[in-house]
Each structure stands twice: as C-alpha cells, then as structure tokens.
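Asks: Got target.tsv for you, TSV, C-alpha atoms:
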chain	number	residue	atom	x	y	z
X	1	MET	CA	21.47	-10.82	81.43
X	2	ARG	CA	18.15	-9.04	81.47
X	3	ALA	CA	19.48	-6.46	79.01
X	4	ALA	CA	20.77	-9.18	76.72
X	5	ILE	CA	17.38	-10.89	76.65
X	6	MET	CA	15.68	-7.59	75.87
X	7	GLY	CA	18.06	-7.05	72.97
X	8	LEU	CA	17.36	-10.47	71.49
X	9	ALA	CA	13.66	-9.85	71.82
X	10	ALA	CA	13.98	-6.57	69.96
X	11	ILE	CA	15.89	-8.23	67.11
X	12	ALA	CA	13.26	-10.96	66.87
X	13	VAL	CA	10.45	-8.43	66.71
X	14	GLY	CA	12.38	-6.53	64.08
X	15	LEU	CA	12.71	-9.67	61.95
X	16	VAL	CA	8.99	-10.29	62.16
X	17	ALA	CA	8.22	-6.73	61.22
X	18	GLY	CA	10.70	-6.91	58.39
X	19	THR	CA	9.01	-9.81	56.63
X	20	GLY	CA	6.25	-7.54	55.40
X	21	LEU	CA	8.76	-5.42	53.54
X	22	SER	CA	10.70	-8.14	51.82
X	23	SER	CA	8.00	-10.62	50.89
X	24	GLY	CA	6.87	-8.69	47.76
X	25	ALA	CA	10.10	-9.06	45.80
X	26	ALA	CA	9.99	-11.10	42.63
X	27	ALA	CA	12.53	-13.81	42.14
X	28	SER	CA	12.52	-13.57	38.35
X	29	VAL	CA	10.57	-12.19	35.40
X	30	THR	CA	9.97	-14.37	32.42
X	31	MET	CA	9.22	-12.73	29.07
X	32	THR	CA	8.08	-14.50	25.98
X	33	SER	CA	7.80	-13.09	22.47
X	34	GLN	CA	5.33	-13.86	19.74
X	35	THR	CA	5.98	-13.46	16.05
X	36	PHE	CA	5.03	-9.86	15.34
X	37	THR	CA	5.55	-8.26	11.96
X	38	PRO	CA	4.76	-4.55	11.62
X	39	TYR	CA	4.74	-2.70	8.31
X	40	ARG	CA	3.68	0.78	7.40
X	41	THR	CA	2.47	2.01	4.03
X	42	CYS	CA	2.05	5.47	2.62
X	43	THR	CA	-0.25	5.69	-0.38
X	44	VAL	CA	-0.05	8.94	-2.32
X	45	THR	CA	-2.96	9.46	-4.68
X	46	ALA	CA	-3.42	12.19	-7.26
X	47	THR	CA	-6.56	13.57	-5.71
X	48	PRO	CA	-8.18	16.06	-5.73
X	49	VAL	CA	-7.61	17.21	-9.30
X	50	GLY	CA	-5.93	20.42	-8.18
X	51	THR	CA	-3.44	18.76	-5.86
X	52	THR	CA	0.19	19.73	-6.20
X	53	THR	CA	1.32	16.70	-4.21
X	54	VAL	CA	1.19	14.73	-7.43
X	55	VAL	CA	2.13	16.34	-10.72
X	56	ASP	CA	1.87	14.57	-14.07
X	57	THR	CA	2.13	15.49	-17.69
X	58	THR	CA	2.99	14.30	-21.17
X	59	VAL	CA	5.59	15.79	-23.46
X	60	ARG	CA	4.95	15.35	-27.18
X	61	GLN	CA	7.55	15.41	-29.89
X	62	GLY	CA	4.88	16.42	-32.39
X	63	SER	CA	4.00	19.49	-30.33
X	64	ALA	CA	7.45	20.16	-29.03
X	65	THR	CA	6.83	23.57	-27.50
X	66	THR	CA	3.40	22.96	-26.02
X	67	ASN	CA	2.83	22.17	-22.36
X	68	PHE	CA	0.25	19.47	-21.59
X	69	GLY	CA	0.33	19.72	-17.82
X	70	ALA	CA	-3.44	20.05	-17.57
X	71	THR	CA	-4.26	17.35	-20.11
X	72	ASN	CA	-5.79	13.94	-19.67
X	73	PRO	CA	-4.70	11.24	-20.53
X	74	LEU	CA	-1.03	10.62	-19.94
X	75	THR	CA	0.50	9.11	-23.04
X	76	VAL	CA	3.52	7.06	-23.99
X	77	SER	CA	3.99	6.74	-27.69
X	78	SER	CA	6.60	5.48	-30.09
X	79	GLY	CA	6.44	6.77	-33.64
X	80	LEU	CA	8.30	8.62	-36.33
X	81	ALA	CA	8.68	12.11	-34.85
X	82	LEU	CA	5.61	11.36	-32.78
X	83	ASN	CA	7.16	10.05	-29.60
X	84	GLN	CA	5.50	10.94	-26.31
X	85	ARG	CA	6.76	10.58	-22.75
X	86	ILE	CA	5.22	10.87	-19.33
X	87	TYR	CA	6.71	12.87	-16.47
X	88	LEU	CA	5.25	12.47	-13.01
X	89	LYS	CA	6.25	13.20	-9.46
X	90	PHE	CA	4.87	12.34	-6.01
X	91	ASP	CA	5.70	14.53	-3.03
X	92	LEU	CA	6.54	12.04	-0.28
X	93	THR	CA	6.57	14.77	2.35
X	94	ALA	CA	2.78	14.53	2.23
X	95	CYS	CA	3.01	11.24	4.09
X	96	SER	CA	1.92	11.60	7.69
X	97	PRO	CA	3.65	10.54	9.78
X	98	ALA	CA	6.69	11.36	7.70
X	99	ILE	CA	8.70	8.44	6.39
X	100	PRO	CA	11.91	8.56	8.46
X	101	ALA	CA	15.16	8.86	6.54
X	102	SER	CA	16.28	5.72	8.31
X	103	ALA	CA	13.27	3.71	7.15
X	104	ILE	CA	13.82	0.60	5.11
X	105	VAL	CA	11.65	0.70	2.02
X	106	ARG	CA	10.44	-2.82	1.35
X	107	LEU	CA	8.43	-2.04	-1.76
X	108	ALA	CA	7.50	1.02	-3.76
X	109	THR	CA	5.04	0.69	-6.58
X	110	LEU	CA	4.06	3.18	-9.23
X	111	ARG	CA	0.44	2.63	-10.18
X	112	LEU	CA	-0.97	3.99	-13.41
X	113	TYR	CA	-4.43	3.17	-14.66
X	114	MET	CA	-4.44	1.96	-18.26
X	115	THR	CA	-7.04	3.55	-20.50
X	116	ALA	CA	-5.65	2.17	-23.79
X	117	VAL	CA	-3.03	-0.44	-24.56
X	118	PRO	CA	-1.00	-0.78	-27.75
X	119	ALA	CA	-1.93	-3.40	-30.32
X	120	ALA	CA	1.55	-4.84	-29.94
X	121	CYS	CA	3.32	-5.63	-26.68
X	122	ARG	CA	5.57	-2.69	-25.80
X	123	THR	CA	8.04	-2.27	-22.99
X	124	MET	CA	7.70	0.88	-20.91
X	125	ASP	CA	10.88	2.06	-19.22
X	126	THR	CA	10.91	4.12	-16.03
X	127	PHE	CA	13.77	6.55	-15.43
X	128	LYS	CA	14.51	8.53	-12.30
X	129	VAL	CA	14.54	12.22	-13.19
X	130	THR	CA	17.64	14.09	-12.05
X	131	ALA	CA	16.83	17.67	-13.03
X	132	ALA	CA	14.03	19.93	-11.91
X	133	TRP	CA	10.87	20.39	-13.96
X	134	THR	CA	7.44	21.87	-13.38
X	135	GLU	CA	4.09	20.58	-14.50
X	136	THR	CA	2.97	23.80	-16.15
X	137	VAL	CA	6.19	24.57	-18.00
X	138	ILE	CA	7.68	21.32	-19.23
X	139	THR	CA	7.55	20.57	-22.95
X	140	TRP	CA	9.25	18.14	-25.30
X	141	ASN	CA	11.91	20.71	-26.04
X	142	ASN	CA	12.79	21.64	-22.43
X	143	GLN	CA	12.36	18.26	-20.76
X	144	PRO	CA	15.13	17.18	-18.35
X	145	PHE	CA	16.29	14.26	-20.48
X	146	GLY	CA	16.56	16.23	-23.69
X	147	THR	CA	15.01	15.65	-27.08
X	148	THR	CA	17.15	12.79	-28.37
X	149	ILE	CA	14.99	9.73	-28.73
X	150	ASN	CA	15.90	6.52	-26.93
X	151	ASN	CA	17.80	8.64	-24.45
X	152	PRO	CA	18.62	7.91	-21.68
X	153	ALA	CA	19.69	4.43	-22.63
X	154	THR	CA	17.60	1.47	-21.61
X	155	GLY	CA	20.40	0.28	-19.37
X	156	SER	CA	19.93	3.19	-17.00
X	157	ARG	CA	16.25	2.61	-16.41
X	158	SER	CA	14.91	2.14	-12.88
X	159	GLY	CA	12.40	-0.45	-13.94
X	160	SER	CA	10.06	-1.51	-16.68
X	161	PHE	CA	6.78	-3.17	-17.43
X	162	ASN	CA	5.22	-4.19	-20.69
X	163	MET	CA	1.73	-3.76	-22.00
X	164	GLY	CA	-0.17	-4.62	-25.14
X	165	SER	CA	-3.09	-6.69	-26.30
X	166	THR	CA	-1.03	-9.59	-27.56
X	167	ALA	CA	-0.83	-12.88	-25.71
X	168	GLY	CA	2.01	-13.14	-23.22
X	169	CYS	CA	2.18	-9.45	-22.50
X	170	GLN	CA	2.30	-8.50	-18.84
X	171	ASN	CA	-0.58	-6.01	-19.02
X	172	LEU	CA	-3.08	-7.08	-21.64
X	173	ALA	CA	-6.07	-4.83	-21.35
X	174	ALA	CA	-7.17	-1.35	-20.41
X	175	GLY	CA	-9.36	-0.77	-17.40
X	176	ALA	CA	-6.88	-1.74	-14.71
X	177	TYR	CA	-3.77	-0.48	-13.02
X	178	VAL	CA	-0.51	-1.64	-14.56
X	179	VAL	CA	1.34	-4.50	-12.94
X	180	GLY	CA	5.08	-4.24	-12.57
X	181	GLY	CA	5.68	-0.58	-11.83
X	182	THR	CA	8.27	-1.24	-9.16
X	183	VAL	CA	10.43	1.71	-8.15
X	184	THR	CA	11.75	0.55	-4.79
X	185	ALA	CA	15.37	1.52	-5.33
X	186	ASP	CA	14.46	5.03	-6.41
X	187	VAL	CA	12.15	5.64	-3.48
X	188	THR	CA	14.79	4.29	-1.13
X	189	SER	CA	17.17	6.95	-2.40
X	190	PHE	CA	14.49	9.64	-2.07
X	191	VAL	CA	13.70	8.67	1.50
X	192	SER	CA	17.30	8.45	2.63
X	193	GLY	CA	18.18	11.71	0.95
X	194	ALA	CA	20.71	10.11	-1.35
X	195	SER	CA	18.94	11.69	-4.29
X	196	SER	CA	16.34	14.39	-4.78
X	197	ASN	CA	12.79	13.36	-5.50
X	198	LEU	CA	12.22	14.78	-8.96
X	199	GLY	CA	9.95	11.98	-10.06
X	200	TRP	CA	10.10	9.74	-13.07
X	201	MET	CA	9.98	9.79	-16.84
X	202	ILE	CA	8.34	6.91	-18.65
X	203	ARG	CA	9.07	6.24	-22.30
X	204	ASP	CA	8.70	3.43	-24.78
X	205	ASP	CA	11.78	1.23	-24.70
X	206	VAL	CA	12.19	1.66	-28.44
X	207	GLU	CA	11.16	5.10	-29.57
X	208	GLY	CA	10.82	5.91	-33.25
X	209	SER	CA	8.64	2.97	-34.24
X	210	VAL	CA	7.61	3.00	-37.90
X	211	THR	CA	4.14	1.99	-36.79
X	212	THR	CA	3.02	4.32	-34.07
X	213	ARG	CA	2.37	2.47	-30.81
X	214	THR	CA	0.52	4.29	-28.07
X	215	ALA	CA	-0.39	3.56	-24.47
X	216	THR	CA	-2.53	5.89	-22.42
X	217	PHE	CA	-3.12	6.23	-18.71
X	218	ALA	CA	-5.50	8.23	-16.56
X	219	ALA	CA	-4.05	11.58	-15.51
X	220	LYS	CA	-5.03	13.32	-12.29
X	221	GLU	CA	-7.06	15.71	-14.44
X	222	LEU	CA	-9.50	12.89	-15.17
X	223	GLY	CA	-10.86	13.40	-11.67
X	224	THR	CA	-11.89	9.78	-11.13
X	225	VAL	CA	-10.44	8.78	-7.78
X	226	ALA	CA	-10.38	5.06	-8.56
X	227	GLN	CA	-8.17	5.69	-11.59
X	228	GLU	CA	-5.76	8.31	-10.33
X	229	PRO	CA	-1.99	7.82	-10.44
X	230	GLN	CA	-0.66	6.42	-7.17
X	231	LEU	CA	2.61	5.73	-5.46
X	232	VAL	CA	2.47	3.08	-2.76
X	233	VAL	CA	5.44	2.89	-0.41
X	234	THR	CA	5.69	0.03	2.09
X	235	TYR	CA	8.41	0.35	4.70
X	236	VAL	CA	9.58	-0.63	8.14
X	237	THR	CA	11.23	1.57	10.71
X	238	VAL	CA	12.89	-1.28	12.58
X	239	PRO	CA	14.62	-4.00	10.53
G	1	MET	CA	9.09	-10.68	83.86
G	2	LEU	CA	11.92	-12.86	82.68
G	3	ARG	CA	9.49	-15.58	81.70
G	4	ARG	CA	7.42	-13.11	79.74
G	5	LEU	CA	10.49	-11.95	77.87
G	6	LEU	CA	11.57	-15.49	77.10
G	7	GLY	CA	8.04	-16.25	75.88
G	8	LEU	CA	8.12	-13.19	73.65
G	9	LEU	CA	11.52	-14.18	72.35
G	10	LEU	CA	10.28	-17.64	71.41
G	11	LEU	CA	7.21	-16.27	69.71
G	12	SER	CA	9.28	-13.76	67.85
G	13	ALA	CA	11.79	-16.37	66.74
G	14	ALA	CA	8.99	-18.53	65.43
G	15	GLY	CA	7.65	-15.58	63.49
G	16	ALA	CA	11.07	-14.80	62.15
G	17	SER	CA	11.46	-18.23	60.70
G	18	VAL	CA	8.12	-18.02	58.96
G	19	GLY	CA	9.02	-14.62	57.58
G	20	ALA	CA	12.40	-15.74	56.36
G	21	ALA	CA	10.80	-18.43	54.27
G	22	ALA	CA	8.74	-15.88	52.39
G	23	SER	CA	11.39	-13.25	51.94
G	24	LEU	CA	13.59	-12.62	48.95
G	25	ALA	CA	16.80	-10.73	48.78
G	26	PHE	CA	16.97	-7.30	47.21
G	27	THR	CA	20.05	-6.17	45.40
G	28	SER	CA	20.88	-2.62	44.49
G	29	ASP	CA	22.07	-3.17	40.91
G	30	THR	CA	21.05	-0.64	38.29
G	31	LEU	CA	18.03	-1.51	36.22
G	32	GLY	CA	19.17	-0.83	32.68
G	33	ALA	CA	17.44	-0.52	29.34
G	34	ALA	CA	17.80	-3.16	26.67
G	35	THR	CA	16.33	-4.11	23.34
G	36	ALA	CA	15.41	-7.49	22.05
G	37	THR	CA	14.55	-8.62	18.57
G	38	THR	CA	11.09	-9.91	17.89
G	39	PRO	CA	10.67	-12.84	15.54
G	40	ARG	CA	8.95	-11.95	12.29
G	41	CYS	CA	7.36	-14.12	9.66
G	42	THR	CA	8.63	-12.04	6.75
G	43	ALA	CA	10.87	-9.20	5.67
G	44	ALA	CA	9.44	-9.23	2.16
G	45	GLY	CA	8.03	-6.23	0.38
G	46	LEU	CA	4.32	-6.63	0.95
G	47	SER	CA	2.10	-5.06	-1.67
G	48	VAL	CA	-0.80	-3.00	-0.39
G	49	ILE	CA	-3.71	-2.03	-2.60
G	50	GLN	CA	-6.66	-0.05	-1.38
G	51	ASN	CA	-10.00	-1.13	-2.77
G	52	LEU	CA	-12.46	1.66	-3.30
G	53	SER	CA	-16.17	2.14	-3.45
G	54	GLY	CA	-16.63	5.49	-5.08
G	55	THR	CA	-14.32	7.78	-3.18
G	56	THR	CA	-13.96	5.71	-0.02
G	57	VAL	CA	-11.64	2.89	0.97
G	58	ILE	CA	-13.61	-0.23	1.87
G	59	SER	CA	-10.85	-2.81	2.07
G	60	ALA	CA	-7.16	-3.39	1.54
G	61	THR	CA	-5.54	-6.25	-0.29
G	62	VAL	CA	-2.15	-7.25	1.01
G	63	GLY	CA	-0.09	-9.45	-1.25
G	64	VAL	CA	3.27	-11.18	-1.49
G	65	LEU	CA	2.69	-12.86	1.86
G	66	PRO	CA	5.04	-15.83	2.18
G	67	ALA	CA	3.97	-19.22	3.42
G	68	ALA	CA	5.80	-18.50	6.67
G	69	CYS	CA	3.03	-16.02	7.52
G	70	GLY	CA	0.29	-18.57	6.86
G	71	GLY	CA	-2.12	-18.75	9.76
G	72	ALA	CA	-1.13	-15.34	11.10
G	73	THR	CA	-3.69	-12.69	11.83
G	74	LEU	CA	-3.29	-9.63	9.67
G	75	GLN	CA	-4.49	-6.41	11.25
G	76	VAL	CA	-4.91	-3.41	8.97
G	77	THR	CA	-5.48	0.19	9.99
G	78	VAL	CA	-6.04	2.88	7.38
G	79	ASN	CA	-5.68	6.49	8.42
G	80	ASN	CA	-6.55	9.26	6.00
G	81	GLY	CA	-5.38	12.04	8.26
G	82	THR	CA	-8.79	12.43	9.84
G	83	VAL	CA	-10.15	9.03	10.79
G	84	ASN	CA	-8.96	5.48	11.32
G	85	ALA	CA	-10.55	2.37	9.89
G	86	THR	CA	-9.50	-1.07	10.99
G	87	GLY	CA	-10.04	-4.67	10.08
G	88	SER	CA	-8.39	-8.04	10.38
G	89	ALA	CA	-8.29	-11.35	8.59
G	90	ALA	CA	-6.40	-14.61	8.70
G	91	VAL	CA	-3.57	-15.21	6.25
G	92	PRO	CA	-4.14	-18.35	4.17
G	93	ALA	CA	-1.99	-21.32	5.08
G	94	GLY	CA	0.14	-21.03	1.96
G	95	GLY	CA	0.51	-17.27	2.14
G	96	GLY	CA	-0.33	-15.29	-0.99
G	97	SER	CA	-2.72	-12.41	-0.61
G	98	VAL	CA	-5.54	-11.52	1.70
G	99	THR	CA	-8.22	-8.86	1.50
G	100	VAL	CA	-9.13	-7.19	4.76
G	101	THR	CA	-12.51	-5.50	4.95
G	102	LEU	CA	-12.51	-2.34	7.00
G	103	ALA	CA	-15.09	-1.70	9.70
G	104	SER	CA	-15.70	1.76	8.27
G	105	ALA	CA	-14.91	3.40	4.95
G	106	PRO	CA	-12.65	6.46	5.14
G	107	ALA	CA	-12.56	8.88	2.25
G	108	VAL	CA	-9.58	8.68	-0.07
G	109	ALA	CA	-7.07	11.41	0.72
G	110	THR	CA	-3.97	12.61	-1.08
G	111	ALA	CA	-1.79	10.72	1.37
G	112	GLU	CA	-2.93	7.86	3.51
G	113	GLN	CA	-1.16	5.70	6.01
G	114	THR	CA	-1.84	1.99	6.28
G	115	ASP	CA	-0.43	0.10	9.23
G	116	LEU	CA	-0.07	-3.64	8.88
G	117	VAL	CA	0.60	-5.97	11.75
G	118	LEU	CA	0.99	-9.70	11.32
G	119	ILE	CA	0.50	-11.50	14.61
G	120	GLY	CA	1.75	-15.05	14.71
G	121	PRO	CA	1.70	-17.66	13.38
Output the file's structure as structure tokens, nothing else.
Replies:
Amino acid sequence: MRAAIMGLAAIAVGLVAGTGLSSGAAASVTMTSQTFTPYRTCTVTATPVGTTTVVDTTVRQGSATTNFGATNPLTVSSGLALNQRIYLKFDLTACSPAIPASAIVRLATLRLYMTAVPAACRTMDTFKVTAAWTETVITWNNQPFGTTINNPATGSRSGSFNMGSTAGCQNLAAGAYVVGGTVTADVTSFVSGASSNLGWMIRDDVEGSVTTRTATFAAKELGTVAQEPQLVVTYVTVP
Amino acid sequence: MLRRLLGLLLLSAAGASVGAAASLAFTSDTLGAATATTPRCTAAGLSVIQNLSGTTVISATVGVLPAACGGATLQVTVNNGTVNATGSAAVPAGGGSVTVTLASAPAVATAEQTDLVLIGP
C-alpha cells in the first residue's frame, strides 16, 4: 500500500514537472499574404563610347565597301541606290545578376534617340539578325541580310515603329527616344537560348524611295549618355 | 508519513490538472517544404525608363501600370554594379505611370539593374 502511494506521488510530480515542457507548443500558425509584385529590369546602355557591350553601325548602299562602325549618327535611309540600314547588338551577359534562362521576359524595348526625322512618315522595320557580324568589319556588301533591297521581307520583321514630321505619325520630332521599339519576342529567344543574340537590323519598310527619306539616331560614338542607344529588358523569375 | 504522502499526492494532482490545461500535444510528423503563390496586381510588361541628370540616374518612370495596381506602393531600387539607390511612390488610382525619385543618384553604367516591387493594393 505504501509503495503504491509512493508510485502515484511520483507520477503526479512527473506530470507537474512535465507541464513546463509541453506548454510552449503552438496549436496552429496562421499565414496571410499581401499582394506583392516583383519585377526586375536590366538596362543596357551604350556607354562609355568605347564599350563593346553595345555595338552599332550603319551600312550604306552608296558606300558599299566602307565600314562606318565608328561613325555617328546611325542612319536609316530609303532612296535610289542610297539605302542605309542600322545594325546594332546588345550583350545581355553584361546584366548583373545574369538574366536566368528560365526568366519570363515581360517587355524588351529598343531605345534609339532621334536626331532627325523624315519629312514624310516612314515605317522602320526591325529584324532579328541570324548571322554573325562585327562592328568594325560590316559593310553594305558583306552585311548578314545581303544587298537586295527590301530583303528580308516585311512579313518577317520582329517589330516596327514609324517616324516622320507629318501629323499622325508615331514619332513626330527629333530630340527624343523613339516610341514603339518593342523586341520582346526576340529577347525572350535570346534569354532562353532558343536563338543566338546577334542583334538587330533596322531598315525602312520600303527601300528604294524615289525621294530619299532619312532618319538619324544617336550612335554610341556621340558620347552623350542621355542619348545613347539602350535596350531595356523587364522580366520576372517567378511567374 | 502516510498523511504527508497523501497530502503530496493531492497537491501534485492539483498541479497536474492545471498543467494539463496549458499543454498541447506534440506529434512527430515531418515538417516539409512547400510553396505558395502570392497574389499579384499585374503580369503586364511594365516599361522602365531611367531619367538622367547629366550622367546620373535621378529617377525612374514606370509605365503600363494597370488599374489593378492603383493604390499600391511602388518601390524602386537601381543598382549600377557599385551602389544602390532607392525610392518609392504611390501608384495612381487608375494605374498608368509613376515617376519614382531616387534618394541618391547613381552614375549611369553600361548595365544596370532596376528592381521593382509593387506592394498592395
């Protein structure tokens, strides 16, 4: 009997001692979430002048064997044997942190600063370049898309914008960056690795105009930071 | 002696009942990892333009904000590879665009990262 009572007493003491161990446990954890929208942007700017992260040049039909890699401005022109095209390329590996291959590109915008607009509204087509070229070697005659005017066809363009000083044109005046240089699909393919980043060619939608129509843009060689060519890539890493 | 033990037993039992009320049961299940989606006000392609003063970035204009983001707080951080500059502003009720002034003005670099976070609405 005495032993039994001692045993009960020991159990009771044990229960009391045990309360200190178990009383800290949480019954539940409630989590709430607030609307939270993260984006990340990489802006690649053609600065300083000597950077190789951005390369830009013009090829001129009228000077078919001359390289203009170090020339400002960049020019798009439509004329009789006087067509001019822009080639430019942005090295996205300069972005830090690197844009993951799995990133979802929400918007990619090519920004060129207009220094002269045509007197008539002209459409500028952007084409993804698919063959290698270098800034200091490329000419009209050796350009990746060849010397045939209006080639590649308009239908294969990545995007377009129009500019000119006539009412209703998208970009009316010099002294500003162009509006409408969207290249999201191309940058998506660059980031994912689906295609190589060899940049873009920009040409007048209708080359060979009887009246020469010319648009000019600041090249990196201008050296004015606020007017340098830019590529702005906005993306998310989690959908 | 017996009385003392009975007294101790009663005291202990009383303590046990108090302790039982405060205690919770532990289980030995595995605590696993999980992910949960966070609600977002937009999946649109926001435009981001850096505004310069000379060769430094003084603000950023974020555009294409839908009305669903109206009232949210937009936090912007610009990193030029050397320094960070931050700022925040409220998104207008109807969305649109908002210019966020940075607390400092980092120099323009060849490649810059801009982080955008919309909190709320």
Asks: Could you put an axis-aligned box around every listed atom of range 46-51 of chain G, padded by 4 Å on each side, and send me its centre and edge lengths in Å to one decimal, as AutoDock Vina command-line options?
Replies:
--center_x -2.8 --center_y -3.3 --center_z -0.9 --size_x 22.3 --size_y 14.6 --size_z 11.7
Asks: In Å, with one decimal, what is the gap from CA of Leu198 in chain X to CA of Val76 in chain X?
Replies: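 Result for CA of Leu198 in chain X versus CA of Val76 in chain X: 19.0 Å, one decimal.
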Asks: What's the 7 Å shell around Asn83 in chain X, counting only C-alpha atoms, without same-chain residues fewer than 4 positions away, as a list of chain:residue names?
Replies: X:Arg60, X:Gln61, X:Ser77, X:Ser78, X:Gly79, X:Glu207, X:Gly208
Asks: What lies within 8 Å of Asn51 in chain G using only C-alpha atoms, ignoring chain neighbours under 4 positions off, as a JSON list (two decimals) with C-alpha atoms, in the coordinates of the input?
Replies:
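Saved as out_32.json:
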[["chain", "number", "residue", "atom", "x", "y", "z"],
["G", 57, "VAL", "CA", -11.64, 2.89, 0.97],
["G", 58, "ILE", "CA", -13.61, -0.23, 1.87],
["G", 59, "SER", "CA", -10.85, -2.81, 2.07],
["G", 60, "ALA", "CA", -7.16, -3.39, 1.54],
["G", 61, "THR", "CA", -5.54, -6.25, -0.29]]
Asks: As JSON, numbers by chain, please: the residues near Tyr177 in chain X (cut-off 6 Å, only C-alpha atoms, same-chain neighbours under 6 positions excluded).
Replies: {"X": [111, 112, 113, 114]}
Asks: Rank X:Thr211, X:Ser96, X:Thr134, X:Asn72 by their smallest atom-to-atom distance to Gly81 in chain G, using all atoms listed in the file, and report the top residue only.
Replies: X:Ser96
Asks: May I have the residues within 9 Å of Gly69 in chain X as a ChimeraX atom specification, using only C-alpha atoms and disregarding those fewer than 5 positions away in the same chain?
Replies: /X:55-59,134-139
Asks: Please list, as a PyMOL selection string, the residues that have an atom at most 6 Å away from (-7.5, -2.3, -22.3) in the coordinates of this file, counting only C-alpha atoms.
Replies: chain X and resi 116-117+173-175
Asks: Could you pull out every residue with an atom within 10 Å of (4.3, -10.4, 13.3), file coordinates, counting all atoms listed in the file, and send them as an NGL selection string?
Replies: (:X and (34-39)) or (:G and (38-42 or 69 or 72-75 or 116-121))
Asks: Residues as selected, C-alpha atoms, written as a PDB file, keeping the file's coordinate frame, can you do that?
Replies:
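Saved the output as selection-v7.pdb:
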ATOM      1  CA  GLN X  34       5.330 -13.860  19.740  1.00  0.00           C
ATOM      2  CA  THR X  35       5.980 -13.460  16.050  1.00  0.00           C
ATOM      3  CA  PHE X  36       5.030  -9.860  15.340  1.00  0.00           C
ATOM      4  CA  THR X  37       5.550  -8.260  11.960  1.00  0.00           C
ATOM      5  CA  PRO X  38       4.760  -4.550  11.620  1.00  0.00           C
ATOM      6  CA  TYR X  39       4.740  -2.700   8.310  1.00  0.00           C
TER       7      TYR X  39
ATOM      8  CA  THR G  38      11.090  -9.910  17.890  1.00  0.00           C
ATOM      9  CA  PRO G  39      10.670 -12.840  15.540  1.00  0.00           C
ATOM     10  CA  ARG G  40       8.950 -11.950  12.290  1.00  0.00           C
ATOM     11  CA  CYS G  41       7.360 -14.120   9.660  1.00  0.00           C
ATOM     12  CA  THR G  42       8.630 -12.040   6.750  1.00  0.00           C
ATOM     13  CA  CYS G  69       3.030 -16.020   7.520  1.00  0.00           C
ATOM     14  CA  ALA G  72      -1.130 -15.340  11.100  1.00  0.00           C
ATOM     15  CA  THR G  73      -3.690 -12.690  11.830  1.00  0.00           C
ATOM     16  CA  LEU G  74      -3.290  -9.630   9.670  1.00  0.00           C
ATOM     17  CA  GLN G  75      -4.490  -6.410  11.250  1.00  0.00           C
ATOM     18  CA  LEU G 116      -0.070  -3.640   8.880  1.00  0.00           C
ATOM     19  CA  VAL G 117       0.600  -5.970  11.750  1.00  0.00           C
ATOM     20  CA  LEU G 118       0.990  -9.700  11.320  1.00  0.00           C
ATOM     21  CA  ILE G 119       0.500 -11.500  14.610  1.00  0.00           C
ATOM     22  CA  GLY G 120       1.750 -15.050  14.710  1.00  0.00           C
ATOM     23  CA  PRO G 121       1.700 -17.660  13.380  1.00  0.00           C
TER      24      PRO G 121
END
Asks: Rank G:Ser97, G:Thr114, G:Ser88, G:Asn79 by their smallest atom-to-atom distance to chain X, using all atoms listed in the file, and report the top residue only.
Replies: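 Counting all atoms listed in the file, the residue closest to chain X is G:Thr114.
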Asks: Between CA of Asp125 in chain X and CA of Trp200 in chain X, what distance in Å does the model show, to one decimal?
Replies: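 Taking CA of Asp125 in chain X as the start and CA of Trp200 in chain X as the end point, the length is 9.9 Å.
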Asks: From the options X:Thr109, X:Gln143, X:Asn197, X:Asn67, which residue's atoms come nearest to chain G, counting only C-alpha atoms?
Replies: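 Using only C-alpha atoms, chain G sits closest to X:Thr109.
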Asks: I need the residue nearest chain G from this list: X:Cys169, X:Leu107, X:Leu74, X:Leu82. Use all atoms listed in the file for the distance.
Replies: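 Among the listed residues, the smallest separation from chain G belongs to X:Leu107.
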Asks: Could you state the separation of CA of Val238 in chain X and CA of Gln113 in chain G in Å, given to one decimal place?
Replies: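 If I compute the distance from CA of Val238 in chain X to CA of Gln113 in chain G, I get 17.0 Å.
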Asks: Reconstruct N, CA and C atoms of range 130-143 of chain X from the incomplete input and present them as a short mmCIF file (atom, residue, chain, number, x, y, z; two decimals), in the frame of the given file.
Replies:
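Heads up, here's the output in result_6.cif:
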data_model
loop_
_atom_site.label_atom_id
_atom_site.label_comp_id
_atom_site.auth_asym_id
_atom_site.auth_seq_id
_atom_site.Cartn_x
_atom_site.Cartn_y
_atom_site.Cartn_z
N THR X 130 16.55 13.52 -12.86
CA THR X 130 17.64 14.09 -12.05
C THR X 130 17.76 15.61 -12.20
N ALA X 131 16.82 16.21 -12.90
CA ALA X 131 16.83 17.67 -13.03
C ALA X 131 15.42 18.18 -12.80
N ALA X 132 15.33 19.38 -12.28
CA ALA X 132 14.03 19.93 -11.91
C ALA X 132 13.15 20.20 -13.13
N TRP X 133 11.86 20.08 -12.93
CA TRP X 133 10.87 20.39 -13.96
C TRP X 133 9.57 20.78 -13.26
N THR X 134 8.73 21.50 -13.96
CA THR X 134 7.44 21.87 -13.38
C THR X 134 6.32 21.49 -14.34
N GLU X 135 5.21 21.14 -13.74
CA GLU X 135 4.09 20.58 -14.50
C GLU X 135 3.56 21.56 -15.55
N THR X 136 3.59 22.82 -15.25
CA THR X 136 2.97 23.80 -16.15
C THR X 136 3.94 24.41 -17.15
N VAL X 137 5.18 23.98 -17.10
CA VAL X 137 6.19 24.57 -18.00
C VAL X 137 6.82 23.54 -18.93
N ILE X 138 6.94 22.32 -18.48
CA ILE X 138 7.68 21.32 -19.23
C ILE X 138 7.07 21.05 -20.61
N THR X 139 7.95 20.92 -21.57
CA THR X 139 7.55 20.57 -22.95
C THR X 139 8.54 19.55 -23.47
N TRP X 140 8.29 19.07 -24.68
CA TRP X 140 9.25 18.14 -25.30
C TRP X 140 10.62 18.81 -25.41
N ASN X 141 10.63 20.04 -25.78
CA ASN X 141 11.91 20.71 -26.04
C ASN X 141 12.71 21.04 -24.78
N ASN X 142 12.02 21.26 -23.65
CA ASN X 142 12.79 21.64 -22.43
C ASN X 142 12.81 20.53 -21.37
N GLN X 143 12.43 19.35 -21.73
CA GLN X 143 12.36 18.26 -20.76
C GLN X 143 13.76 17.92 -20.23
#
